[in-house]
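Asker: What follows is target-v6.cif; its format and atoms are mmCIF, C-alpha atoms.
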data_input
loop_
_atom_site.label_atom_id
_atom_site.label_comp_id
_atom_site.auth_asym_id
_atom_site.auth_seq_id
_atom_site.Cartn_x
_atom_site.Cartn_y
_atom_site.Cartn_z
CA MET A 30 -32.00 7.65 -7.51
CA ALA A 31 -32.22 4.74 -9.94
CA THR A 32 -32.47 7.20 -12.82
CA ASN A 33 -29.29 8.97 -11.68
CA CYS A 34 -27.39 5.66 -11.46
CA SER A 35 -28.63 4.71 -14.92
CA ASP A 36 -27.62 8.10 -16.34
CA ASN A 37 -24.19 7.80 -14.73
CA LEU A 38 -23.69 4.34 -16.23
CA VAL A 39 -24.67 5.59 -19.70
CA PHE A 40 -22.33 8.58 -19.36
CA MET A 41 -19.40 6.34 -18.35
CA ASN A 42 -20.08 3.91 -21.20
CA ASP A 43 -20.18 6.81 -23.66
CA LEU A 44 -16.87 8.03 -22.28
CA LEU A 45 -15.31 4.58 -22.72
CA GLN A 46 -16.48 4.54 -26.34
CA ASN A 47 -14.77 7.88 -27.04
CA LYS A 48 -11.41 6.79 -28.46
CA THR A 49 -9.89 10.25 -28.17
CA ILE A 50 -10.59 10.26 -24.42
CA THR A 51 -9.55 6.66 -23.73
CA TYR A 52 -6.37 6.79 -25.83
CA THR A 53 -5.35 10.06 -24.20
CA ALA A 54 -6.05 8.59 -20.75
CA THR A 55 -3.84 5.60 -21.57
CA PHE A 56 -1.08 7.83 -22.98
CA ILE A 57 -1.11 9.94 -19.80
CA PHE A 58 -1.29 6.79 -17.63
CA THR A 59 1.77 5.40 -19.45
CA ALA A 60 3.59 8.72 -19.01
CA ALA A 61 2.84 8.54 -15.27
CA VAL A 62 4.22 4.98 -15.03
CA ILE A 63 7.41 6.02 -16.86
CA HIS A 64 7.64 9.12 -14.67
CA THR A 65 7.48 6.87 -11.59
CA PHE A 66 10.62 5.04 -12.70
CA CYS A 67 12.42 8.33 -13.41
CA THR A 68 11.83 10.10 -10.09
CA SER A 69 15.29 9.35 -8.66
CA LYS A 70 16.93 10.80 -11.81
CA ILE A 71 14.72 13.89 -11.59
CA ASN A 72 15.66 14.31 -7.93
CA ALA A 73 19.34 14.02 -8.78
CA LEU A 74 18.90 16.65 -11.51
CA SER A 75 17.30 19.05 -9.02
CA HIS A 76 20.53 19.10 -6.99
CA LYS A 77 22.37 20.73 -9.90
CA PHE A 78 20.39 23.94 -9.42
CA LYS A 79 20.72 26.49 -6.66
CA LYS A 80 18.84 25.41 -3.53
CA GLY A 81 15.59 27.31 -3.24
CA SER A 82 15.53 28.34 -6.91
CA MET A 83 12.43 27.76 -9.05
CA PRO A 84 14.03 24.96 -11.20
CA GLU A 85 15.26 23.17 -8.05
CA LYS A 86 11.83 23.35 -6.38
CA LEU A 87 9.98 22.26 -9.53
CA LEU A 88 12.27 19.28 -10.17
CA HIS A 89 12.15 18.28 -6.51
CA PHE A 90 8.35 18.39 -6.69
CA LEU A 91 8.29 16.24 -9.83
CA GLY A 92 10.79 13.87 -8.20
CA GLU A 93 8.35 12.89 -5.46
CA VAL A 94 6.82 9.50 -6.34
CA GLU A 95 3.66 10.29 -4.37
CA VAL A 96 3.09 13.36 -6.56
CA VAL A 97 3.37 11.58 -9.92
CA PHE A 98 -0.11 10.15 -10.50
CA GLY A 99 -1.87 13.12 -8.96
CA PHE A 100 0.13 15.46 -11.21
CA TRP A 101 -0.68 13.53 -14.39
CA ALA A 102 -4.31 13.09 -13.31
CA PHE A 103 -4.55 16.88 -13.06
CA ILE A 104 -3.25 17.16 -16.63
CA PHE A 105 -5.87 14.63 -17.76
CA ILE A 106 -8.65 16.51 -15.96
CA ALA A 107 -7.53 19.74 -17.63
CA PHE A 108 -7.63 17.96 -21.02
CA LEU A 109 -11.08 16.54 -20.25
CA SER A 110 -12.35 20.01 -19.30
CA ILE A 111 -11.21 21.42 -22.64
CA VAL A 112 -12.69 18.56 -24.70
CA LEU A 113 -15.95 17.89 -22.82
CA GLY A 114 -16.44 20.98 -20.70
CA MET A 115 -16.31 21.43 -16.95
CA SER A 116 -19.79 20.03 -16.30
CA SER A 117 -19.01 16.66 -17.95
CA THR A 118 -15.61 16.52 -16.22
CA ILE A 119 -17.26 16.95 -12.83
CA SER A 120 -19.78 14.23 -13.78
CA PHE A 121 -16.85 11.92 -14.58
CA LEU A 122 -15.15 12.64 -11.24
CA ASN A 123 -18.41 12.10 -9.37
CA GLN A 124 -18.59 8.54 -10.72
CA LEU A 125 -15.13 7.59 -9.48
CA ASP A 126 -14.78 5.76 -6.18
CA PHE A 127 -12.49 7.72 -3.87
CA LYS A 128 -13.55 5.88 -0.70
CA GLU A 129 -10.27 3.98 -0.46
CA THR A 130 -8.29 7.19 -0.99
CA VAL A 131 -10.08 8.92 1.89
CA PHE A 132 -9.79 5.80 4.06
CA VAL A 133 -6.05 5.43 3.47
CA PHE A 134 -5.44 9.10 4.31
CA THR A 135 -7.53 8.88 7.48
CA ILE A 136 -6.19 5.53 8.67
CA MET A 137 -2.57 6.56 8.09
CA CYS A 138 -3.04 9.71 10.19
CA MET A 139 -4.70 7.72 12.98
CA SER A 140 -2.42 4.68 13.02
CA ALA A 141 0.96 6.42 12.62
CA THR A 142 0.59 7.94 16.11
CA LYS A 143 2.59 7.53 19.29
CA PRO A 144 -0.09 5.64 21.31
CA VAL A 145 -0.79 3.12 18.51
CA MET A 146 2.90 2.61 17.78
CA ASN A 147 3.64 2.20 21.50
CA LEU A 148 1.06 -0.59 21.68
CA ALA A 149 2.36 -2.26 18.50
CA ASP A 150 5.95 -1.97 19.73
CA ARG A 151 5.09 -3.55 23.06
CA GLY A 152 3.10 -6.36 21.45
CA ILE A 153 5.84 -7.20 18.93
CA THR A 154 8.48 -7.01 21.69
CA TYR A 155 6.62 -9.51 23.89
CA LEU A 156 6.09 -11.84 20.92
CA SER A 157 9.78 -11.65 19.97
CA ILE A 158 10.85 -12.44 23.56
CA PHE A 159 8.48 -15.41 23.63
CA PHE A 160 9.57 -16.88 20.28
CA GLY A 161 13.21 -16.00 20.90
CA LYS A 162 13.23 -18.11 24.05
CA ILE A 163 11.33 -21.00 22.44
CA PHE A 164 13.58 -21.23 19.37
CA PHE A 165 16.80 -19.98 21.06
CA ILE A 166 17.36 -17.16 18.62
CA ASN A 167 18.64 -13.60 19.01
CA GLN A 168 15.81 -11.31 20.18
CA LYS A 169 16.59 -8.72 17.51
CA ILE A 170 16.19 -11.38 14.81
CA ALA A 171 13.00 -12.58 16.48
CA PHE A 172 11.74 -8.96 16.57
CA PHE A 173 12.48 -8.59 12.83
CA CYS A 174 10.59 -11.81 12.04
CA CYS A 175 7.61 -10.92 14.23
CA ILE A 176 7.14 -7.55 12.49
CA LEU A 177 7.22 -9.05 9.01
CA ILE A 178 5.22 -12.19 9.82
CA PHE A 179 2.59 -11.23 12.40
CA GLY A 180 2.45 -7.60 11.27
CA SER A 181 1.91 -8.56 7.64
CA LEU A 182 -0.66 -11.29 8.34
CA SER A 183 -2.59 -8.94 10.63
CA GLY A 184 -3.54 -7.10 7.43
CA SER A 185 -6.18 -9.80 6.92
CA PHE A 186 -8.02 -8.51 10.00
CA ILE A 187 -7.11 -4.85 10.60
CA THR A 188 -6.87 -4.10 6.82
CA GLU A 189 -3.70 -3.84 4.76
CA PRO A 190 -3.27 -0.04 5.04
CA VAL A 191 -3.16 -0.26 8.86
CA ALA A 192 -0.78 -3.23 8.74
CA MET A 193 1.48 -1.39 6.30
CA THR A 194 1.56 1.73 8.46
CA VAL A 195 2.40 -0.16 11.65
CA CYS A 196 5.00 -2.45 10.04
CA ALA A 197 6.68 0.39 8.14
CA MET A 198 6.86 2.58 11.26
CA LEU A 199 8.37 -0.24 13.35
CA LEU A 200 10.85 -1.15 10.62
CA TYR A 201 11.75 2.52 10.23
CA GLU A 202 12.46 2.96 13.94
CA HIS A 203 14.31 -0.28 14.58
CA PHE A 204 16.01 -1.14 11.26
CA PHE A 205 15.86 1.34 8.36
CA SER A 206 16.96 4.38 10.37
CA LYS A 207 19.88 2.50 11.94
CA SER A 208 21.32 0.54 9.00
CA ASP A 209 23.59 1.84 6.23
CA ASN A 210 23.34 -1.35 4.15
CA LEU A 211 21.24 -0.46 1.09
CA LYS A 212 21.02 -4.06 -0.09
CA PHE A 213 19.54 -5.05 3.26
CA LYS A 214 17.10 -2.11 3.14
CA TYR A 215 15.81 -2.93 -0.33
CA SER A 216 15.41 -6.58 0.63
CA MET A 217 13.39 -5.51 3.68
CA LEU A 218 11.32 -3.14 1.54
CA GLY A 219 10.58 -5.77 -1.11
CA LEU A 220 9.75 -8.34 1.56
CA LEU A 221 7.46 -5.89 3.35
CA PHE A 222 5.52 -4.99 0.18
CA VAL A 223 5.09 -8.61 -0.93
CA ASN A 224 4.19 -9.84 2.57
CA ILE A 225 1.54 -7.14 3.00
CA SER A 226 0.07 -7.88 -0.44
CA ILE A 227 -0.30 -11.63 0.08
CA GLY A 228 -0.78 -11.40 3.85
CA GLY A 229 -4.23 -9.87 3.41
CA THR A 230 -5.65 -12.98 1.73
CA LEU A 231 -6.52 -14.94 4.88
CA THR A 232 -9.95 -13.26 4.84
CA HIS A 233 -12.27 -11.79 2.20
CA PHE A 234 -12.66 -8.26 3.59
CA ALA A 235 -9.19 -6.74 4.17
CA ALA A 236 -7.13 -6.82 0.95
CA PRO A 237 -8.43 -4.36 -1.71
CA PRO A 238 -8.02 -6.76 -4.70
CA VAL A 239 -9.92 -9.48 -2.80
CA LEU A 240 -12.57 -7.23 -1.29
CA ILE A 241 -13.59 -6.00 -4.74
CA VAL A 242 -14.34 -9.50 -6.11
CA ALA A 243 -15.51 -11.28 -2.96
CA SER A 244 -19.17 -10.26 -3.07
CA THR A 245 -19.48 -10.65 -6.86
CA TRP A 246 -17.91 -14.12 -6.92
CA LYS A 247 -19.35 -15.25 -3.55
CA TRP A 248 -15.96 -15.78 -1.89
CA ASP A 249 -16.11 -15.99 1.92
CA ALA A 250 -13.45 -16.29 4.64
CA ALA A 251 -13.43 -20.10 4.49
CA PHE A 252 -12.90 -20.06 0.71
CA MET A 253 -10.10 -17.49 1.02
CA PHE A 254 -8.20 -19.37 3.72
CA THR A 255 -8.56 -22.71 1.93
CA ASN A 256 -7.45 -21.45 -1.47
CA PHE A 257 -5.17 -18.53 -0.62
CA GLY A 258 -4.63 -17.98 3.10
CA TRP A 259 -2.53 -20.93 4.23
CA LYS A 260 -0.37 -20.71 1.10
CA SER A 261 0.24 -17.02 1.76
CA MET A 262 1.11 -17.75 5.39
CA PHE A 263 3.67 -20.32 4.27
CA ALA A 264 5.22 -17.85 1.79
CA VAL A 265 5.34 -15.03 4.38
CA VAL A 266 6.95 -17.20 7.07
CA ILE A 267 9.57 -18.85 4.84
CA SER A 268 10.51 -15.62 3.01
CA THR A 269 10.95 -13.78 6.31
CA ILE A 270 12.97 -16.53 7.99
CA VAL A 271 15.29 -16.88 4.97
CA THR A 272 15.82 -13.10 4.84
CA ALA A 273 16.54 -12.99 8.58
CA PHE A 274 19.08 -15.81 8.17
CA ILE A 275 20.84 -14.13 5.22
CA TYR A 276 21.12 -10.79 7.05
CA ARG A 277 21.50 -12.21 10.57
CA ASN A 278 24.85 -10.49 11.19
CA GLU A 279 23.47 -7.15 9.99
CA ILE A 280 20.41 -7.49 12.25
CA LYS A 281 22.48 -8.50 15.29
CA ALA A 282 24.81 -5.54 14.74
CA LEU A 283 21.85 -3.17 15.04
CA ASP A 284 21.44 -4.24 18.69
CA LYS A 285 24.41 -2.04 19.58
CA LYS A 286 22.77 0.98 17.97
CA GLN A 287 19.36 0.32 19.48
CA VAL A 288 18.03 2.85 21.96
CA GLN A 289 16.66 1.05 24.99
CA LEU A 290 12.86 0.82 24.72
CA GLU A 291 12.50 1.47 28.44
CA GLU A 292 14.08 4.92 28.09
CA LYS A 293 11.23 6.13 25.90
CA GLU A 294 8.18 7.78 27.35
CA LYS A 295 5.25 5.39 27.02
CA SER A 296 1.68 6.48 26.36
CA PRO A 297 -0.88 5.94 29.16
CA TYR A 298 -3.23 3.05 28.50
CA TRP A 299 -6.34 5.27 28.52
CA ILE A 300 -4.86 7.33 25.68
CA ILE A 301 -4.03 4.15 23.76
CA LEU A 302 -7.55 2.78 24.24
CA VAL A 303 -9.24 5.92 22.88
CA ASN A 304 -6.89 6.03 19.89
CA ILE A 305 -7.61 2.37 19.18
CA PHE A 306 -11.35 3.09 19.48
CA PHE A 307 -11.06 5.72 16.73
CA LEU A 308 -9.01 3.28 14.65
CA VAL A 309 -11.58 0.49 15.02
CA LEU A 310 -14.43 2.81 13.99
CA CYS A 311 -12.43 3.88 10.96
CA ILE A 312 -11.82 0.26 9.92
CA ILE A 313 -15.43 -0.86 10.45
CA TYR A 314 -16.97 2.05 8.53
CA HIS A 315 -14.21 2.55 5.96
CA LYS A 316 -16.68 2.38 3.05
CA TYR A 317 -18.57 5.49 4.13
CA ILE A 318 -16.89 8.82 3.37
CA SER A 319 -19.80 10.64 5.02
CA PHE A 320 -18.79 8.94 8.29
CA LEU A 321 -14.99 9.00 7.87
CA VAL A 322 -14.70 12.77 7.40
CA PRO A 323 -16.62 13.76 10.59
CA LEU A 324 -14.83 10.97 12.48
CA PHE A 325 -11.46 12.35 11.39
CA LEU A 326 -12.46 15.90 12.43
CA LEU A 327 -13.51 14.54 15.83
CA TYR A 328 -10.17 12.74 16.06
CA ILE A 329 -8.34 16.03 15.35
CA GLY A 330 -10.20 17.52 18.32
CA TRP A 331 -9.16 14.56 20.50
CA TYR A 332 -5.57 14.94 19.30
CA GLU A 333 -5.49 18.65 20.22
CA VAL A 334 -6.87 17.95 23.72
CA THR A 335 -4.27 15.19 24.36
CA LYS A 336 -1.39 16.78 22.45
CA GLU A 337 1.05 16.34 25.35
CA TYR A 338 0.74 12.53 24.96
CA GLN A 339 0.90 12.55 21.17
CA GLU A 340 3.45 13.22 18.45
CA PRO A 341 2.86 15.45 15.38
CA LEU A 342 0.35 13.88 12.99
CA LYS A 343 1.76 12.73 9.65
CA ILE A 344 -0.59 14.99 7.69
CA ARG A 345 1.85 15.75 4.87
CA GLU A 346 2.82 12.11 4.30
CA SER A 347 -0.83 11.01 4.47
CA LEU A 348 -1.94 13.72 2.04
CA LEU A 349 0.77 12.74 -0.45
CA VAL A 350 -0.31 9.09 -0.27
CA GLY A 351 -3.95 10.13 -0.75
CA PHE A 352 -2.96 12.35 -3.69
CA PHE A 353 -1.12 9.41 -5.27
CA LEU A 354 -4.07 7.02 -4.88
CA GLY A 355 -6.56 9.63 -6.07
CA GLY A 356 -4.54 10.13 -9.25
CA LEU A 357 -4.30 6.37 -9.76
CA VAL A 358 -8.09 6.00 -9.43
CA THR A 359 -8.69 8.85 -11.89
CA LEU A 360 -6.34 7.57 -14.60
CA GLY A 361 -7.06 3.89 -14.02
CA ALA A 362 -10.82 4.28 -14.59
CA LEU A 363 -10.42 4.48 -18.38
CA GLN A 364 -7.96 1.62 -18.96
CA GLN A 365 -10.64 -1.05 -19.55
CA TRP A 366 -10.37 -0.83 -23.33
CA TRP A 367 -7.00 -2.61 -23.36
CA LEU A 368 -7.03 -4.54 -20.07
CA VAL A 369 -10.29 -6.47 -20.61
CA PRO A 370 -9.27 -7.88 -24.06
CA ILE A 371 -5.96 -9.05 -22.58
CA VAL A 372 -7.74 -10.79 -19.71
CA ASN A 373 -10.16 -12.44 -22.17
CA MET A 374 -7.43 -14.00 -24.33
CA LEU A 375 -5.48 -15.64 -21.48
CA GLU A 376 -5.57 -19.20 -20.13
CA PRO A 377 -5.23 -19.94 -16.36
CA VAL A 378 -1.41 -20.25 -16.34
CA SER A 379 -0.85 -17.29 -18.63
CA MET A 380 -3.50 -15.38 -16.63
CA PHE A 381 -1.50 -15.94 -13.45
CA ILE A 382 1.73 -14.70 -15.05
CA GLY A 383 -0.04 -11.92 -16.95
CA ALA A 384 -1.86 -10.67 -13.84
CA THR A 385 1.42 -10.56 -11.92
CA ALA A 386 3.07 -8.56 -14.71
CA LEU A 387 0.11 -6.21 -15.23
CA THR A 388 -0.06 -5.52 -11.49
CA ALA A 389 3.40 -3.97 -11.73
CA VAL A 390 2.03 -1.21 -13.98
CA THR A 391 -1.49 -0.83 -12.58
CA ASP A 392 -3.10 -1.14 -9.16
CA ASN A 393 -3.98 -4.79 -8.41
CA ALA A 394 -7.44 -3.83 -7.12
CA ALA A 395 -8.21 -2.13 -10.43
CA LEU A 396 -7.07 -5.28 -12.23
CA THR A 397 -9.29 -7.64 -10.23
CA TYR A 398 -12.21 -5.23 -10.59
CA LEU A 399 -11.88 -5.50 -14.36
CA GLY A 400 -12.01 -9.28 -13.94
CA THR A 401 -15.52 -8.94 -12.47
CA LEU A 402 -16.60 -7.24 -15.71
CA VAL A 403 -15.58 -10.24 -17.84
CA PRO A 404 -18.59 -12.58 -18.28
CA ASN A 405 -18.38 -16.36 -17.71
CA LEU A 406 -14.93 -16.30 -16.16
CA SER A 407 -14.09 -19.84 -14.96
CA ASP A 408 -13.13 -20.61 -11.35
CA ALA A 409 -9.57 -21.40 -12.43
CA MET A 410 -9.32 -18.04 -14.20
CA LYS A 411 -10.72 -16.20 -11.19
CA PHE A 412 -8.15 -17.84 -8.91
CA SER A 413 -5.30 -17.11 -11.33
CA LEU A 414 -6.33 -13.46 -11.70
CA VAL A 415 -6.50 -12.75 -7.97
CA ALA A 416 -3.47 -14.89 -7.08
CA GLY A 417 -1.36 -13.16 -9.74
CA ALA A 418 -2.60 -9.74 -8.64
CA VAL A 419 -1.66 -10.23 -4.98
CA ALA A 420 1.62 -12.01 -5.79
CA GLY A 421 2.75 -9.06 -7.90
CA GLY A 422 1.61 -6.48 -5.34
CA GLY A 423 5.13 -5.73 -4.16
CA LEU A 424 6.88 -5.14 -7.49
CA THR A 425 6.26 -1.39 -7.70
CA VAL A 426 4.87 1.46 -5.61
CA ILE A 427 1.67 1.49 -7.70
CA ALA A 428 1.08 -2.27 -7.59
CA ASN A 429 -0.85 -2.34 -4.30
CA ALA A 430 -2.82 0.47 -2.62
CA PRO A 431 -0.95 0.31 0.75
CA ASN A 432 2.49 0.53 -0.93
CA PRO A 433 2.55 4.35 -1.10
CA ILE A 434 2.10 4.37 2.70
CA GLY A 435 5.28 2.31 3.15
CA TYR A 436 6.99 4.45 0.55
CA GLY A 437 6.05 7.68 2.33
CA ILE A 438 7.35 6.42 5.68
CA LEU A 439 10.59 4.77 4.50
CA ASN A 440 11.56 6.88 1.49
CA LYS A 441 14.03 9.22 3.21
CA THR A 442 16.02 6.34 4.72
CA LEU A 443 17.20 5.09 1.31
CA GLY A 444 19.52 7.88 0.26
CA GLU A 445 19.12 11.50 -0.72
CA ASP A 446 17.13 10.61 -3.84
CA GLY A 447 14.81 8.25 -1.98
CA ILE A 448 13.59 4.83 -3.09
CA SER A 449 14.74 3.71 -6.53
CA PRO A 450 11.83 2.04 -8.42
CA LEU A 451 14.28 -0.29 -10.20
CA LYS A 452 15.96 -1.38 -6.95
CA LEU A 453 12.55 -1.86 -5.35
CA PHE A 454 11.53 -4.08 -8.28
CA LEU A 455 14.73 -6.14 -8.00
CA GLY A 456 14.45 -6.30 -4.21
CA SER A 457 10.91 -7.65 -4.31
CA LEU A 458 11.37 -9.97 -7.31
CA PRO A 459 12.70 -13.03 -5.38
CA TYR A 460 9.82 -12.80 -2.88
CA THR A 461 7.32 -12.35 -5.71
CA ILE A 462 8.61 -15.47 -7.49
CA PHE A 463 8.40 -17.47 -4.26
CA ALA A 464 4.86 -16.18 -3.62
CA ILE A 465 3.87 -17.27 -7.15
CA MET A 466 5.30 -20.75 -6.52
CA CYS A 467 3.45 -21.08 -3.21
CA LEU A 468 0.10 -19.81 -4.50
CA TYR A 469 0.15 -21.81 -7.71
CA PHE A 470 1.91 -25.08 -6.86
CA LEU A 471 1.06 -25.79 -3.22
#
Mind converting the file's structure to structure tokens?

Answerer:
Amino acid sequence: MATNCSDNLVFMNDLLQNKTITYTATFIFTAAVIHTFCTSKINALSHKFKKGSMPEKLLHFLGEVEVVFGFWAFIFIAFLSIVLGMSSTISFLNQLDFKETVFVFTIMCMSATKPVMNLADRGITYLSIFFGKIFFINQKIAFFCCILIFGSLSGSFITEPVAMTVCAMLLYEHFFSKSDNLKFKYSMLGLLFVNISIGGTLTHFAAPPVLIVASTWKWDAAFMFTNFGWKSMFAVVISTIVTAFIYRNEIKALDKKQVQLEEKEKSPYWIILVNIFFLVLCIIYHKYISFLVPLFLLYIGWYEVTKEYQEPLKIRESLLVGFFLGGLVTLGALQQWWLVPIVNMLEPVSMFIGATALTAVTDNAALTYLGTLVPNLSDAMKFSLVAGAVAGGGLTVIANAPNPIGYGILNKTLGEDGISPLKLFLGSLPYTIFAIMCLYFL
């Protein structure tokens, strides 16, 4: 076993030394990033062709953000097969860590279900009634705040992908699907992405960019809450309250369009408990693909038996998100040659700003992982790297691993062409700047 690990390490190092491979990987990675920002234009172009025709279907396929990185990763794998041969390509893929990809797919299927959403809806409703009465505010506004505050911060305990799924589903049902105000929707989307990214920093085991460095740098829950957690809580609360105040009239107006919660068929508590049991097992053992796959198959069996109490599983949306993350892992594995030198030449302040900017064009977990490869990194640099990575986690769809989940759930509510990457960037920018101020200056 030790020999295999050693051989794998040597193979990966050899691959990183091959400039043809690494430069091509970076070129394809850059093409994928540019493609991400062009998806709305590609979608618009597809409408100029006859519906159902080959050009229309191809352009519509290429206009799906979730498809982008998987599509370009496939091109890279094809290139690698030609240059190195199929055997070496398979060896390369075997060394990549797809645990998070499998976990995100599984957890999205399990958490975006009627019983789980019923429980989340009830819990958020009771909280909003409680806080609405205490602070004498409109219940709809209180409901909005509870989703984006408590839902986002829960990512520190139930993991960010679960928190993103639950928050996005609740926002979809109660706000995105009922509002026609695009400015309001992009503000909500930006706030959601930033809150989820920084809201997972109360602990050391829930946010991907933190989880990756925690064991290497000996960061525990106490360290995280002292240095990151309370600052993130402050940023989440203030950002949400300010947004609710700015759009208070829009939120109140949605009350008239709201379907009464009592009119909906609620799931029996025994169904909810079993679904939650599957969810808890998935969260606890999320690092073990050999456990997740059989668990998911068992869950499918449970779903079929209790189908009358369930809603259709979001298999397509979950697969697209998994495809996106798998492509990001594949292309991101060979970006060390330019990321590590950049990290090495920065000072703490420039590291903070640089990490925030780099997160916009690469997954923040991949960025913090590269930080663990840099020897003798000071404590100030470690803080700046992780703080910048989580602060910038809402700027783009690729910035934070749970973002594609929110994208997949909310995409169709933002116009025929879906979410605009530029509008998402602009919508999340104010919240990102405020998160930077809180994390760095408080």

Asker: Need the shell around Thr245 (chain A): protein/DNA/RNA residues with any atom at most 12 Å away, counting all atoms listed in the file. Skip same-chain ones fewer than 6 positions apart. Format as a ChimeraX atom specification?

Answerer: /A:233,239,397-404,406,411

Asker: Could you tell me which of A:Ile448, A:Ile462, A:Val350, A:Cys311 comes closest to Gly421 (chain A) if we count only C-alpha atoms?

Answerer: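 Distance minimum relative to Gly421 (chain A) lands on A:Ile462.
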
Asker: Spell out the residues picked by the PyMOL selection byres ((chain A and resi 236) around 12) here, as a ChimeraX atom specification.

Answerer: /A:129,181-193,224-235,237-243,250,253,257-258,393-394,397,415-416,418-419,422,429-431

Asker: Report the distance between CA of Leu125 (chain A) and CA of Thr359 (chain A) in Å, rounded to one decimal place.

Answerer: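 Pair CA of Leu125 (chain A) / CA of Thr359 (chain A) returns 7.0 Å.
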
Asker: By how many Å are CA of Ala197 (chain A) and CA of Ile438 (chain A) apart?

Answerer: 6.5 Å

Asker: Using only C-alpha atoms, determine which residues lie at most 9 Å from Ser140 (chain A), disregarding the query and same-chain residues fewer than 6 positions distant; provide the list as a tab-separated table (two decimals) with C-alpha atoms, keeping the file's coordinate frame.

Answerer:
chain	number	residue	atom	x	y	z
A	146	MET	CA	2.90	2.61	17.78
A	191	VAL	CA	-3.16	-0.26	8.86
A	194	THR	CA	1.56	1.73	8.46
A	195	VAL	CA	2.40	-0.16	11.65
A	304	ASN	CA	-6.89	6.03	19.89
A	305	ILE	CA	-7.61	2.37	19.18
A	308	LEU	CA	-9.01	3.28	14.65

Asker: For Leu310 (chain A), which of A:Ala107, A:Val265, A:Ile136, A:Ala251 is the closest residue, counting all atoms listed in the file?

Answerer: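 Closest candidate: A:Ile136.
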
Asker: Identify which of the residues A:Gly447, A:Tyr314, A:Thr461, A:Asp43 lies closest to Gly92 (chain A), counting only C-alpha atoms when measuring atom-to-atom distances.

Answerer: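 Among A:Gly447, A:Tyr314, A:Thr461, A:Asp43, it is A:Gly447 that comes nearest to Gly92 (chain A).
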
Asker: Figure out the distance between CA of His89 (chain A) and CA of Lys77 (chain A), please, to one decimal in Å.

Answerer: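 Distance reported for this atom pair: 11.0 Å.
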
Asker: I'd like to see the residues matched by the PyMOL selection byres ((chain A and resi 357) around 10) on this file, and ideally I'd get them as a list in words.

Answerer: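 What the PyMOL selection byres ((chain A and resi 357) around 10) grabs from the file is Phe58, Ala61, Val97, Phe98, Gly99, Trp101, Ala102, Thr130, Gly351, Phe352, Phe353, Leu354, Gly355, Gly356, Val358, Thr359, Leu360, Gly361, Ala362, Thr391, Asp392, Ala395, Ile427 and Ala430 of chain A.
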
Asker: Would you mind telling me which residue in A:Lys70, A:Lys169, A:Lys79, A:Lys260 lies nearest to Ala282 (chain A) when using only C-alpha atoms?

Answerer: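 For Ala282 (chain A), the nearest of the given residues is A:Lys169.
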
Asker: Name every residue that the PyMOL selection byres ((chain A and resi 452) around 10) selects in this structure, writing the answer as a PyMOL selection string with chains first and numbers rising.

Answerer: chain A and resi 211-212+215-216+218-219+424-425+448-451+453-458

Asker: Box for region 420-429 of chain A: with edges along x, y and z, all listed atoms inside and 8 Å added on each side, what are the centre and edge lengths in Å to one decimal, as AutoDock Vina command-line options?

Answerer:
--center_x 3.0 --center_y -5.3 --center_z -6.0 --size_x 23.7 --size_y 29.5 --size_z 19.7

Asker: For Ile300 (chain A), which residue among A:Leu342, A:Val271, A:Val334, A:Met380 is the nearest when counting all atoms listed in the file?

Answerer: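 Using all atoms listed in the file, Ile300 (chain A) sits closest to A:Val334.
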
Asker: Name the residues in contact with region 148-164 of chain A at a cut-off of 8 Å, using all atoms listed in the file, excluding same-chain residues fewer than 4 positions from it; report them as a PyMOL selection string.

Answerer: chain A and resi 144+168-169+171-172+174-176+195+199+301

Asker: Store the residues picked out above in a file with C-alpha atoms, as a PDB file, in the coordinates of the input.

Answerer:
ATOM      1  CA  PRO A 144      -0.090   5.640  21.310  1.00  0.00           C
ATOM      2  CA  GLN A 168      15.810 -11.310  20.180  1.00  0.00           C
ATOM      3  CA  LYS A 169      16.590  -8.720  17.510  1.00  0.00           C
ATOM      4  CA  ALA A 171      13.000 -12.580  16.480  1.00  0.00           C
ATOM      5  CA  PHE A 172      11.740  -8.960  16.570  1.00  0.00           C
ATOM      6  CA  CYS A 174      10.590 -11.810  12.040  1.00  0.00           C
ATOM      7  CA  CYS A 175       7.610 -10.920  14.230  1.00  0.00           C
ATOM      8  CA  ILE A 176       7.140  -7.550  12.490  1.00  0.00           C
ATOM      9  CA  VAL A 195       2.400  -0.160  11.650  1.00  0.00           C
ATOM     10  CA  LEU A 199       8.370  -0.240  13.350  1.00  0.00           C
ATOM     11  CA  ILE A 301      -4.030   4.150  23.760  1.00  0.00           C
TER      12      ILE A 301
END

Asker: Ile371 (chain A): which residues within 10 Å, counting only C-alpha atoms, same-chain residues fewer than 5 positions away excluded, as a ChimeraX atom specification?

Answerer: /A:365-366,380,383-384,387
